[in-house]
file my_file-v5.cif (mmCIF, N, CA and C atoms)
data_upload
loop_
_atom_site.label_atom_id
_atom_site.label_comp_id
_atom_site.auth_asym_id
_atom_site.auth_seq_id
_atom_site.Cartn_x
_atom_site.Cartn_y
_atom_site.Cartn_z
N VAL A 396 15.75 -25.93 55.12
CA VAL A 396 15.33 -24.70 54.49
C VAL A 396 13.95 -24.92 53.89
N GLN A 397 13.09 -23.92 54.02
CA GLN A 397 11.76 -23.99 53.44
C GLN A 397 11.74 -23.19 52.13
N LEU A 398 11.10 -23.76 51.12
CA LEU A 398 11.07 -23.14 49.80
C LEU A 398 9.63 -22.92 49.37
N GLN A 399 9.35 -21.74 48.84
CA GLN A 399 8.01 -21.39 48.38
C GLN A 399 8.10 -20.88 46.96
N ALA A 400 7.61 -21.67 46.02
CA ALA A 400 7.64 -21.29 44.62
C ALA A 400 6.37 -20.55 44.23
N SER A 401 6.51 -19.63 43.29
CA SER A 401 5.35 -18.88 42.80
C SER A 401 5.62 -18.40 41.39
N GLY A 402 4.57 -17.88 40.75
CA GLY A 402 4.74 -17.27 39.44
C GLY A 402 4.21 -18.08 38.27
N GLY A 403 3.75 -19.28 38.52
CA GLY A 403 3.21 -20.08 37.44
C GLY A 403 1.89 -19.53 36.93
N GLY A 404 1.44 -20.08 35.80
CA GLY A 404 0.18 -19.63 35.24
C GLY A 404 -0.01 -20.13 33.83
N LEU A 405 -1.00 -19.56 33.17
CA LEU A 405 -1.31 -19.92 31.79
C LEU A 405 -0.76 -18.85 30.86
N VAL A 406 -0.06 -19.30 29.82
CA VAL A 406 0.56 -18.36 28.89
C VAL A 406 0.46 -18.94 27.48
N LEU A 407 0.38 -18.06 26.50
CA LEU A 407 0.37 -18.51 25.11
C LEU A 407 1.77 -18.88 24.67
N ALA A 408 1.84 -19.79 23.73
CA ALA A 408 3.13 -20.16 23.17
C ALA A 408 3.84 -18.91 22.64
N GLY A 409 5.13 -18.84 22.93
CA GLY A 409 5.91 -17.67 22.57
C GLY A 409 5.98 -16.62 23.66
N GLY A 410 5.18 -16.79 24.69
CA GLY A 410 5.14 -15.84 25.78
C GLY A 410 6.22 -16.10 26.82
N SER A 411 6.15 -15.32 27.89
CA SER A 411 7.16 -15.37 28.94
C SER A 411 6.51 -15.45 30.31
N LEU A 412 7.23 -16.06 31.24
CA LEU A 412 6.86 -16.10 32.65
C LEU A 412 8.14 -16.07 33.47
N THR A 413 8.02 -15.53 34.68
CA THR A 413 9.13 -15.58 35.62
C THR A 413 8.67 -16.28 36.88
N LEU A 414 9.34 -17.34 37.22
CA LEU A 414 9.07 -18.05 38.47
C LEU A 414 10.01 -17.54 39.56
N SER A 415 9.50 -17.51 40.77
CA SER A 415 10.30 -17.13 41.92
C SER A 415 10.23 -18.24 42.95
N CYS A 416 11.28 -18.35 43.74
CA CYS A 416 11.32 -19.32 44.82
C CYS A 416 11.98 -18.65 46.01
N ALA A 417 11.20 -18.40 47.04
CA ALA A 417 11.69 -17.74 48.24
C ALA A 417 12.09 -18.78 49.28
N ALA A 418 13.26 -18.60 49.84
CA ALA A 418 13.80 -19.54 50.83
C ALA A 418 13.81 -18.92 52.21
N SER A 419 13.65 -19.77 53.21
CA SER A 419 13.71 -19.31 54.59
C SER A 419 14.23 -20.43 55.47
N GLY A 420 14.75 -20.07 56.61
CA GLY A 420 15.12 -21.06 57.62
C GLY A 420 16.57 -21.40 57.72
N ARG A 421 17.33 -21.26 56.65
CA ARG A 421 18.75 -21.57 56.70
C ARG A 421 19.49 -20.47 55.92
N THR A 422 20.81 -20.55 55.93
CA THR A 422 21.61 -19.58 55.19
C THR A 422 21.53 -19.90 53.71
N PHE A 423 20.76 -19.10 53.00
CA PHE A 423 20.46 -19.36 51.59
C PHE A 423 21.73 -19.48 50.76
N SER A 424 22.71 -18.64 51.04
CA SER A 424 23.93 -18.62 50.22
C SER A 424 24.80 -19.86 50.39
N ASN A 425 24.44 -20.75 51.28
CA ASN A 425 25.17 -22.02 51.43
C ASN A 425 24.66 -23.10 50.47
N TYR A 426 23.59 -22.78 49.73
CA TYR A 426 22.92 -23.77 48.92
C TYR A 426 23.02 -23.47 47.43
N ALA A 427 23.37 -24.51 46.67
CA ALA A 427 23.14 -24.45 45.24
C ALA A 427 21.63 -24.63 45.03
N MET A 428 21.12 -23.98 44.00
CA MET A 428 19.68 -24.03 43.75
C MET A 428 19.39 -24.57 42.36
N GLY A 429 18.30 -25.29 42.27
CA GLY A 429 17.91 -25.86 40.98
C GLY A 429 16.43 -25.71 40.74
N TRP A 430 16.09 -25.76 39.45
CA TRP A 430 14.70 -25.85 39.03
C TRP A 430 14.53 -27.18 38.28
N PHE A 431 13.47 -27.87 38.59
CA PHE A 431 13.10 -29.10 37.92
C PHE A 431 11.64 -28.97 37.47
N ARG A 432 11.23 -29.85 36.58
CA ARG A 432 9.84 -29.83 36.16
C ARG A 432 9.34 -31.25 35.94
N GLN A 433 8.04 -31.40 36.07
CA GLN A 433 7.42 -32.71 35.85
C GLN A 433 6.12 -32.51 35.08
N ALA A 434 6.10 -33.05 33.88
CA ALA A 434 4.92 -33.01 33.04
C ALA A 434 4.04 -34.23 33.35
N PRO A 435 2.76 -34.15 33.06
CA PRO A 435 1.87 -35.28 33.34
C PRO A 435 2.36 -36.57 32.68
N GLY A 436 2.46 -37.62 33.47
CA GLY A 436 2.87 -38.91 32.96
C GLY A 436 4.35 -39.07 32.70
N LYS A 437 5.13 -38.06 33.07
CA LYS A 437 6.57 -38.11 32.83
C LYS A 437 7.33 -37.98 34.14
N GLU A 438 8.60 -38.35 34.09
CA GLU A 438 9.46 -38.24 35.26
C GLU A 438 9.91 -36.79 35.44
N ARG A 439 10.27 -36.47 36.67
CA ARG A 439 10.80 -35.15 36.95
C ARG A 439 12.14 -34.98 36.23
N GLU A 440 12.34 -33.82 35.63
CA GLU A 440 13.56 -33.58 34.88
C GLU A 440 14.22 -32.27 35.27
N PHE A 441 15.51 -32.26 35.12
CA PHE A 441 16.32 -31.08 35.41
C PHE A 441 16.02 -29.98 34.40
N VAL A 442 15.96 -28.74 34.90
CA VAL A 442 15.77 -27.59 34.04
C VAL A 442 16.98 -26.67 34.09
N ALA A 443 17.36 -26.24 35.31
CA ALA A 443 18.45 -25.29 35.45
C ALA A 443 18.99 -25.34 36.87
N ALA A 444 20.25 -24.91 37.02
CA ALA A 444 20.86 -24.85 38.34
C ALA A 444 21.79 -23.65 38.40
N VAL A 445 22.02 -23.18 39.62
CA VAL A 445 22.92 -22.05 39.85
C VAL A 445 23.72 -22.33 41.10
N ILE A 446 25.00 -21.99 41.06
CA ILE A 446 25.86 -22.24 42.22
C ILE A 446 25.58 -21.21 43.32
N ARG A 447 26.22 -21.41 44.44
CA ARG A 447 25.94 -20.59 45.63
C ARG A 447 26.02 -19.09 45.37
N SER A 448 27.05 -18.68 44.67
CA SER A 448 27.27 -17.25 44.46
C SER A 448 26.43 -16.68 43.33
N GLY A 449 25.88 -17.54 42.49
CA GLY A 449 25.18 -17.09 41.29
C GLY A 449 26.10 -16.91 40.11
N GLY A 450 27.38 -17.16 40.29
CA GLY A 450 28.36 -16.89 39.25
C GLY A 450 28.35 -17.86 38.08
N SER A 451 27.80 -19.04 38.27
CA SER A 451 27.72 -20.02 37.18
C SER A 451 26.34 -20.63 37.14
N THR A 452 25.87 -20.85 35.93
CA THR A 452 24.54 -21.43 35.74
C THR A 452 24.61 -22.57 34.74
N TYR A 453 23.64 -23.47 34.83
CA TYR A 453 23.63 -24.67 34.00
C TYR A 453 22.20 -24.94 33.56
N TYR A 454 22.07 -25.47 32.34
CA TYR A 454 20.74 -25.64 31.78
C TYR A 454 20.60 -26.98 31.07
N ALA A 455 19.36 -27.46 31.05
CA ALA A 455 19.04 -28.58 30.18
C ALA A 455 19.07 -28.09 28.74
N ASP A 456 19.44 -28.97 27.83
CA ASP A 456 19.51 -28.59 26.42
C ASP A 456 18.18 -28.07 25.90
N SER A 457 17.09 -28.60 26.43
CA SER A 457 15.76 -28.25 25.94
C SER A 457 15.36 -26.81 26.25
N VAL A 458 16.04 -26.19 27.21
CA VAL A 458 15.67 -24.82 27.60
C VAL A 458 16.80 -23.84 27.38
N LYS A 459 17.95 -24.31 27.00
CA LYS A 459 19.12 -23.44 26.82
C LYS A 459 18.82 -22.36 25.79
N GLY A 460 19.13 -21.13 26.14
CA GLY A 460 18.86 -20.01 25.24
C GLY A 460 17.49 -19.40 25.43
N ARG A 461 16.60 -20.09 26.14
CA ARG A 461 15.25 -19.56 26.36
C ARG A 461 15.00 -19.24 27.84
N PHE A 462 15.59 -20.01 28.73
CA PHE A 462 15.39 -19.84 30.16
C PHE A 462 16.66 -19.27 30.80
N THR A 463 16.47 -18.49 31.87
CA THR A 463 17.59 -17.94 32.62
C THR A 463 17.33 -18.12 34.11
N ILE A 464 18.26 -18.77 34.78
CA ILE A 464 18.17 -18.90 36.23
C ILE A 464 19.07 -17.85 36.86
N SER A 465 18.59 -17.27 37.95
CA SER A 465 19.39 -16.29 38.67
C SER A 465 18.99 -16.35 40.14
N ARG A 466 19.81 -15.71 40.97
CA ARG A 466 19.50 -15.70 42.40
C ARG A 466 19.90 -14.36 42.99
N ASP A 467 19.20 -14.00 44.05
CA ASP A 467 19.50 -12.80 44.81
C ASP A 467 19.69 -13.26 46.25
N ASN A 468 20.92 -13.41 46.68
CA ASN A 468 21.18 -13.92 48.02
C ASN A 468 20.73 -12.95 49.11
N ALA A 469 20.67 -11.69 48.79
CA ALA A 469 20.19 -10.71 49.77
C ALA A 469 18.70 -10.86 50.02
N LYS A 470 17.98 -11.37 49.01
CA LYS A 470 16.54 -11.56 49.13
C LYS A 470 16.16 -13.02 49.35
N ASN A 471 17.17 -13.90 49.43
CA ASN A 471 16.92 -15.33 49.64
C ASN A 471 15.96 -15.89 48.58
N THR A 472 16.20 -15.51 47.35
CA THR A 472 15.27 -15.88 46.28
C THR A 472 16.04 -16.32 45.03
N VAL A 473 15.50 -17.35 44.39
CA VAL A 473 16.01 -17.79 43.10
C VAL A 473 14.88 -17.61 42.08
N TYR A 474 15.28 -17.27 40.85
CA TYR A 474 14.32 -16.97 39.80
C TYR A 474 14.55 -17.88 38.59
N LEU A 475 13.49 -18.04 37.82
CA LEU A 475 13.61 -18.70 36.53
C LEU A 475 12.83 -17.87 35.52
N GLN A 476 13.56 -17.14 34.70
CA GLN A 476 12.96 -16.36 33.63
C GLN A 476 12.78 -17.28 32.43
N MET A 477 11.54 -17.41 31.97
CA MET A 477 11.25 -18.32 30.87
C MET A 477 10.70 -17.53 29.69
N ASN A 478 11.41 -17.56 28.58
CA ASN A 478 11.00 -16.86 27.37
C ASN A 478 10.73 -17.86 26.25
N SER A 479 10.06 -17.39 25.22
CA SER A 479 9.76 -18.23 24.05
C SER A 479 9.19 -19.57 24.47
N LEU A 480 8.21 -19.52 25.33
CA LEU A 480 7.65 -20.74 25.88
C LEU A 480 6.95 -21.57 24.81
N LYS A 481 7.04 -22.89 24.98
CA LYS A 481 6.46 -23.84 24.04
C LYS A 481 5.46 -24.73 24.79
N PRO A 482 4.50 -25.30 24.09
CA PRO A 482 3.56 -26.20 24.76
C PRO A 482 4.26 -27.33 25.52
N GLU A 483 5.39 -27.79 25.03
CA GLU A 483 6.11 -28.86 25.71
C GLU A 483 6.78 -28.41 27.00
N ASP A 484 6.75 -27.12 27.30
CA ASP A 484 7.24 -26.63 28.59
C ASP A 484 6.18 -26.75 29.68
N THR A 485 4.97 -27.14 29.31
CA THR A 485 3.90 -27.31 30.28
C THR A 485 4.29 -28.37 31.31
N ALA A 486 4.25 -27.99 32.59
CA ALA A 486 4.66 -28.89 33.66
C ALA A 486 4.46 -28.19 35.00
N VAL A 487 4.59 -28.96 36.05
CA VAL A 487 4.74 -28.39 37.39
C VAL A 487 6.24 -28.15 37.59
N TYR A 488 6.57 -26.94 37.97
CA TYR A 488 7.96 -26.55 38.16
C TYR A 488 8.27 -26.51 39.66
N TYR A 489 9.38 -27.13 40.01
CA TYR A 489 9.81 -27.22 41.40
C TYR A 489 11.17 -26.56 41.58
N CYS A 490 11.32 -25.78 42.65
CA CYS A 490 12.64 -25.32 43.01
C CYS A 490 13.19 -26.26 44.09
N ALA A 491 14.51 -26.34 44.15
CA ALA A 491 15.15 -27.25 45.09
C ALA A 491 16.47 -26.66 45.56
N ALA A 492 16.86 -27.03 46.77
CA ALA A 492 18.08 -26.53 47.39
C ALA A 492 19.00 -27.70 47.74
N ASP A 493 20.25 -27.52 47.46
CA ASP A 493 21.26 -28.55 47.70
C ASP A 493 22.40 -27.92 48.49
N LEU A 494 22.65 -28.41 49.70
CA LEU A 494 23.72 -27.87 50.52
C LEU A 494 25.05 -28.06 49.79
N ALA A 495 25.68 -26.97 49.42
CA ALA A 495 26.87 -27.02 48.58
C ALA A 495 28.12 -27.28 49.41
N LEU A 496 28.85 -28.32 49.06
CA LEU A 496 30.07 -28.67 49.78
C LEU A 496 31.21 -27.71 49.47
N TYR A 497 31.17 -27.11 48.29
CA TYR A 497 32.16 -26.11 47.91
C TYR A 497 31.50 -25.12 46.96
N SER A 498 32.19 -24.04 46.68
CA SER A 498 31.56 -22.89 46.03
C SER A 498 31.04 -23.17 44.63
N SER A 499 31.68 -24.08 43.89
CA SER A 499 31.25 -24.33 42.51
C SER A 499 30.30 -25.51 42.39
N TRP A 500 29.84 -26.03 43.51
CA TRP A 500 28.99 -27.23 43.51
C TRP A 500 27.64 -26.97 42.88
N TYR A 501 27.20 -27.91 42.04
CA TYR A 501 25.83 -27.92 41.56
C TYR A 501 25.53 -29.35 41.14
N SER A 502 24.27 -29.64 40.87
CA SER A 502 23.91 -30.98 40.40
C SER A 502 22.72 -30.90 39.47
N LYS A 503 22.69 -31.79 38.50
CA LYS A 503 21.54 -31.96 37.61
C LYS A 503 20.66 -33.12 38.06
N SER A 504 21.04 -33.76 39.14
CA SER A 504 20.29 -34.91 39.63
C SER A 504 19.36 -34.52 40.76
N SER A 505 18.10 -34.83 40.63
CA SER A 505 17.14 -34.50 41.68
C SER A 505 17.48 -35.21 42.99
N ALA A 506 18.14 -36.34 42.90
CA ALA A 506 18.47 -37.10 44.12
C ALA A 506 19.46 -36.36 45.01
N GLU A 507 20.19 -35.41 44.45
CA GLU A 507 21.18 -34.67 45.22
C GLU A 507 20.58 -33.56 46.06
N TYR A 508 19.37 -33.15 45.72
CA TYR A 508 18.79 -31.98 46.37
C TYR A 508 18.09 -32.36 47.66
N ASP A 509 18.32 -31.54 48.67
CA ASP A 509 17.86 -31.86 50.02
C ASP A 509 16.47 -31.32 50.33
N TYR A 510 16.13 -30.20 49.73
CA TYR A 510 14.88 -29.53 50.06
C TYR A 510 14.16 -29.15 48.77
N TRP A 511 12.81 -29.20 48.84
CA TRP A 511 11.99 -28.95 47.67
C TRP A 511 10.85 -28.01 48.00
N GLY A 512 10.53 -27.16 47.04
CA GLY A 512 9.33 -26.36 47.14
C GLY A 512 8.11 -27.17 46.73
N GLN A 513 6.96 -26.55 46.82
CA GLN A 513 5.70 -27.26 46.60
C GLN A 513 5.33 -27.37 45.12
N GLY A 514 6.00 -26.65 44.26
CA GLY A 514 5.69 -26.70 42.84
C GLY A 514 4.72 -25.63 42.42
N THR A 515 4.89 -25.16 41.19
CA THR A 515 3.99 -24.18 40.61
C THR A 515 3.71 -24.59 39.17
N LEU A 516 2.45 -24.56 38.76
CA LEU A 516 2.05 -25.08 37.47
C LEU A 516 2.22 -24.04 36.38
N VAL A 517 2.89 -24.44 35.32
CA VAL A 517 3.03 -23.62 34.12
C VAL A 517 2.31 -24.33 32.98
N THR A 518 1.37 -23.65 32.36
CA THR A 518 0.63 -24.20 31.24
C THR A 518 0.83 -23.30 30.04
N VAL A 519 1.35 -23.88 28.96
CA VAL A 519 1.60 -23.13 27.73
C VAL A 519 0.64 -23.65 26.67
N SER A 520 -0.22 -22.77 26.19
CA SER A 520 -1.20 -23.18 25.19
C SER A 520 -0.73 -22.76 23.80
N SER A 521 -1.09 -23.58 22.82
CA SER A 521 -0.68 -23.30 21.43
C SER A 521 -1.71 -22.46 20.71
#

call {"tool": "encode", "arguments": {"input": "my_file-v5.cif", "output": "structure tokens"}}
result
Amino acid sequence: VQLQASGGGLVLAGGSLTLSCAASGRTFSNYAMGWFRQAPGKEREFVAAVIRSGGSTYYADSVKGRFTISRDNAKNTVYLQMNSLKPEDTAVYYCAADLALYSSWYSKSSAEYDYWGQGTLVTVSS
């Protein structure tokens, strides 16, 4: 599956952005989807994940209550709504797809994901 992330940009602290990730090439609804991020000089970290149906979502503690992951299987797209952004949210954000073995499958580990988008830069200024 090919993934194309978009929606990054420069935003003031406290502001909002919505990232999108459009998928093509395979049956999107067979994949759990995740968002990860990598700040300069740091390792890639888990941000959020959603199961195949969109019925369950999971978040890193650092973004819980501020970020919302969702998906539209009819549009082959996963979203990351980011509110109350902080300077420490500055990073390149990557979407990823993981072929789900069963309906409730998801993972917080980047090693589990099979396909990756190219990344989109989010910069939060104070």

call {"tool": "closest_residue", "arguments": {"input": "my_file-v5.cif", "among": "A:Tyr508, A:Pro482, A:Leu516, A:Val487", "to": "Leu407 (chain A)", "atoms": "all atoms listed in the file"}}
result
A:Pro482

call {"tool": "select_by_dssp", "arguments": {"input": "my_file-v5.cif", "residues": "region 411-487 of chain A", "states": "strand (DSSP E)", "output": "CSV table (one decimal) with N, CA and C atoms, in the frame of the given file"}}
result
chain,number,residue,atom,x,y,z
A,412,LEU,N,7.2,-16.1,31.2
A,412,LEU,CA,6.9,-16.1,32.6
A,412,LEU,C,8.1,-16.1,33.5
A,413,THR,N,8.0,-15.5,34.7
A,413,THR,CA,9.1,-15.6,35.6
A,413,THR,C,8.7,-16.3,36.9
A,414,LEU,N,9.3,-17.3,37.2
A,414,LEU,CA,9.1,-18.0,38.5
A,414,LEU,C,10.0,-17.5,39.6
A,415,SER,N,9.5,-17.5,40.8
A,415,SER,CA,10.3,-17.1,41.9
A,415,SER,C,10.2,-18.2,43.0
A,416,CYS,N,11.3,-18.4,43.7
A,416,CYS,CA,11.3,-19.3,44.8
A,416,CYS,C,12.0,-18.6,46.0
A,417,ALA,N,11.2,-18.4,47.0
A,417,ALA,CA,11.7,-17.7,48.2
A,417,ALA,C,12.1,-18.8,49.3
A,418,ALA,N,13.3,-18.6,49.8
A,418,ALA,CA,13.8,-19.5,50.8
A,418,ALA,C,13.8,-18.9,52.2
A,419,SER,N,13.6,-19.8,53.2
A,419,SER,CA,13.7,-19.3,54.6
A,419,SER,C,14.2,-20.4,55.5
A,426,TYR,N,23.6,-22.8,49.7
A,426,TYR,CA,22.9,-23.8,48.9
A,426,TYR,C,23.0,-23.5,47.4
A,427,ALA,N,23.4,-24.5,46.7
A,427,ALA,CA,23.1,-24.4,45.2
A,427,ALA,C,21.6,-24.6,45.0
A,428,MET,N,21.1,-24.0,44.0
A,428,MET,CA,19.7,-24.0,43.8
A,428,MET,C,19.4,-24.6,42.4
A,429,GLY,N,18.3,-25.3,42.3
A,429,GLY,CA,17.9,-25.9,41.0
A,429,GLY,C,16.4,-25.7,40.7
A,430,TRP,N,16.1,-25.8,39.4
A,430,TRP,CA,14.7,-25.8,39.0
A,430,TRP,C,14.5,-27.2,38.3
A,431,PHE,N,13.5,-27.9,38.6
A,431,PHE,CA,13.1,-29.1,37.9
A,431,PHE,C,11.6,-29.0,37.5
A,432,ARG,N,11.2,-29.8,36.6
A,432,ARG,CA,9.8,-29.8,36.2
A,432,ARG,C,9.3,-31.2,35.9
A,433,GLN,N,8.0,-31.4,36.1
A,433,GLN,CA,7.4,-32.7,35.8
A,433,GLN,C,6.1,-32.5,35.1
A,440,GLU,N,12.3,-33.8,35.6
A,440,GLU,CA,13.6,-33.6,34.9
A,440,GLU,C,14.2,-32.3,35.3
A,441,PHE,N,15.5,-32.3,35.1
A,441,PHE,CA,16.3,-31.1,35.4
A,441,PHE,C,16.0,-30.0,34.4
A,442,VAL,N,16.0,-28.7,34.9
A,442,VAL,CA,15.8,-27.6,34.0
A,442,VAL,C,17.0,-26.7,34.1
A,443,ALA,N,17.4,-26.2,35.3
A,443,ALA,CA,18.4,-25.3,35.4
A,443,ALA,C,19.0,-25.3,36.9
A,444,ALA,N,20.2,-24.9,37.0
A,444,ALA,CA,20.9,-24.8,38.3
A,444,ALA,C,21.8,-23.6,38.4
A,445,VAL,N,22.0,-23.2,39.6
A,445,VAL,CA,22.9,-22.0,39.8
A,445,VAL,C,23.7,-22.3,41.1
A,452,THR,N,25.9,-20.8,35.9
A,452,THR,CA,24.5,-21.4,35.7
A,452,THR,C,24.6,-22.6,34.7
A,453,TYR,N,23.6,-23.5,34.8
A,453,TYR,CA,23.6,-24.7,34.0
A,453,TYR,C,22.2,-24.9,33.6
A,454,TYR,N,22.1,-25.5,32.3
A,454,TYR,CA,20.7,-25.6,31.8
A,454,TYR,C,20.6,-27.0,31.1
A,462,PHE,N,15.6,-20.0,28.7
A,462,PHE,CA,15.4,-19.8,30.2
A,462,PHE,C,16.7,-19.3,30.8
A,463,THR,N,16.5,-18.5,31.9
A,463,THR,CA,17.6,-17.9,32.6
A,463,THR,C,17.3,-18.1,34.1
A,464,ILE,N,18.3,-18.8,34.8
A,464,ILE,CA,18.2,-18.9,36.2
A,464,ILE,C,19.1,-17.8,36.9
A,465,SER,N,18.6,-17.3,38.0
A,465,SER,CA,19.4,-16.3,38.7
A,465,SER,C,19.0,-16.4,40.1
A,466,ARG,N,19.8,-15.7,41.0
A,466,ARG,CA,19.5,-15.7,42.4
A,466,ARG,C,19.9,-14.4,43.0
A,467,ASP,N,19.2,-14.0,44.0
A,467,ASP,CA,19.5,-12.8,44.8
A,467,ASP,C,19.7,-13.3,46.2
A,472,THR,N,16.2,-15.5,47.4
A,472,THR,CA,15.3,-15.9,46.3
A,472,THR,C,16.0,-16.3,45.0
A,473,VAL,N,15.5,-17.4,44.4
A,473,VAL,CA,16.0,-17.8,43.1
A,473,VAL,C,14.9,-17.6,42.1
A,474,TYR,N,15.3,-17.3,40.8
A,474,TYR,CA,14.3,-17.0,39.8
A,474,TYR,C,14.6,-17.9,38.6
A,475,LEU,N,13.5,-18.0,37.8
A,475,LEU,CA,13.6,-18.7,36.5
A,475,LEU,C,12.8,-17.9,35.5
A,476,GLN,N,13.6,-17.1,34.7
A,476,GLN,CA,13.0,-16.4,33.6
A,476,GLN,C,12.8,-17.3,32.4
A,477,MET,N,11.5,-17.4,32.0
A,477,MET,CA,11.2,-18.3,30.9
A,477,MET,C,10.7,-17.5,29.7
A,486,ALA,N,4.2,-28.0,32.6
A,486,ALA,CA,4.7,-28.9,33.7
A,486,ALA,C,4.5,-28.2,35.0
A,487,VAL,N,4.6,-29.0,36.0
A,487,VAL,CA,4.7,-28.4,37.4
A,487,VAL,C,6.2,-28.2,37.6

call {"tool": "residues_near_point", "arguments": {"input": "my_file-v5.cif", "point": "(-3.7, -27.7, 22.9)", "cutoff": "12 Å", "atoms": "only C-alpha atoms", "output": "list of chain:residue names"}}
result
A:Val406, A:Leu407, A:Ala408, A:Lys481, A:Pro482, A:Glu483, A:Thr485, A:Thr518, A:Val519, A:Ser520, A:Ser521

call {"tool": "resolve_selection", "arguments": {"input": "my_file-v5.cif", "expression": "the PyMOL selection byres ((chain A and resi 447) around 6)", "output": "list of chain:residue names"}}
result
A:Ser424, A:Asn425, A:Tyr426, A:Ala427, A:Met428, A:Val445, A:Ile446, A:Ser448, A:Gly449, A:Gly450, A:Ser498, A:Trp500

call {"tool": "axis_aligned_box", "arguments": {"input": "my_file-v5.cif", "around": "region 411-425 of chain A", "padding_each_side": "8 Å", "output": "JSON"}}
result
{"center_x": 15.7, "center_y": -19.2, "center_z": 42.8, "size_x": 35.0, "size_y": 23.8, "size_z": 45.8}

call {"tool": "closest_residue", "arguments": {"input": "my_file-v5.cif", "among": "A:Tyr489, A:Arg421, A:Pro435, A:Leu414", "to": "Ile464 (chain A)", "atoms": "only C-alpha atoms"}}
result
A:Leu414

call {"tool": "resolve_selection", "arguments": {"input": "my_file-v5.cif", "expression": "the PyMOL selection byres ((chain A and resi 397-399) around 8)", "output": "MDAnalysis selection string"}}
result
chainID A and resid 396 400:402 415:421 490:492 510:515

call {"tool": "residues_around", "arguments": {"input": "my_file-v5.cif", "residues": "Tyr454 (chain A)", "least_positions_apart": "2", "cutoff": "8 Å", "atoms": "only N, CA and C atoms", "output": "number ranges by chain"}}
result
A: 441-445, 452, 456-460, 462, 464

call {"tool": "atom_distance", "arguments": {"input": "my_file-v5.cif", "atom1": "CA of Asp493 (chain A)", "atom2": "CA of Glu507 (chain A)"}}
result
6.6 Å

call {"tool": "closest_residue", "arguments": {"input": "my_file-v5.cif", "among": "A:Ser505, A:Ser479, A:Ser499, A:Asn471", "to": "Gly410 (chain A)", "atoms": "all atoms listed in the file"}}
result
A:Ser479

call {"tool": "atom_distance", "arguments": {"input": "my_file-v5.cif", "atom1": "atom N of Thr413 (chain A)", "atom2": "CA of Ala469 (chain A)"}}
result
20.0 Å

call {"tool": "atom_distance", "arguments": {"input": "my_file-v5.cif", "atom1": "atom N of Ala486 (chain A)", "atom2": "CA of Arg432 (chain A)"}}
result
6.9 Å

call {"tool": "closest_residue", "arguments": {"input": "my_file-v5.cif", "among": "A:Ser411, A:Tyr488, A:Tyr453, A:Lys503", "to": "Val517 (chain A)", "atoms": "all atoms listed in the file"}}
result
A:Tyr488

call {"tool": "select_by_dssp", "arguments": {"input": "my_file-v5.cif", "residues": "chain A", "states": "helix (DSSP H, G or I)", "output": "compact mmCIF listing (two decimals) with N, CA and C atoms, keeping the file's coordinate frame"}}
result
# COMPACT_ATOMS: atom_id res chain seq x y z
N PHE A 423 20.76 -19.10 53.00
CA PHE A 423 20.46 -19.36 51.59
C PHE A 423 21.73 -19.48 50.76
N SER A 424 22.71 -18.64 51.04
CA SER A 424 23.93 -18.62 50.22
C SER A 424 24.80 -19.86 50.39
N ASN A 425 24.44 -20.75 51.28
CA ASN A 425 25.17 -22.02 51.43
C ASN A 425 24.66 -23.10 50.47
N PRO A 482 4.50 -25.30 24.09
CA PRO A 482 3.56 -26.20 24.76
C PRO A 482 4.26 -27.33 25.52
N GLU A 483 5.39 -27.79 25.03
CA GLU A 483 6.11 -28.86 25.71
C GLU A 483 6.78 -28.41 27.00
N ASP A 484 6.75 -27.12 27.30
CA ASP A 484 7.24 -26.63 28.59
C ASP A 484 6.18 -26.75 29.68
N SER A 505 18.10 -34.83 40.63
CA SER A 505 17.14 -34.50 41.68
C SER A 505 17.48 -35.21 42.99
N ALA A 506 18.14 -36.34 42.90
CA ALA A 506 18.47 -37.10 44.12
C ALA A 506 19.46 -36.36 45.01
N GLU A 507 20.19 -35.41 44.45
CA GLU A 507 21.18 -34.67 45.22
C GLU A 507 20.58 -33.56 46.06
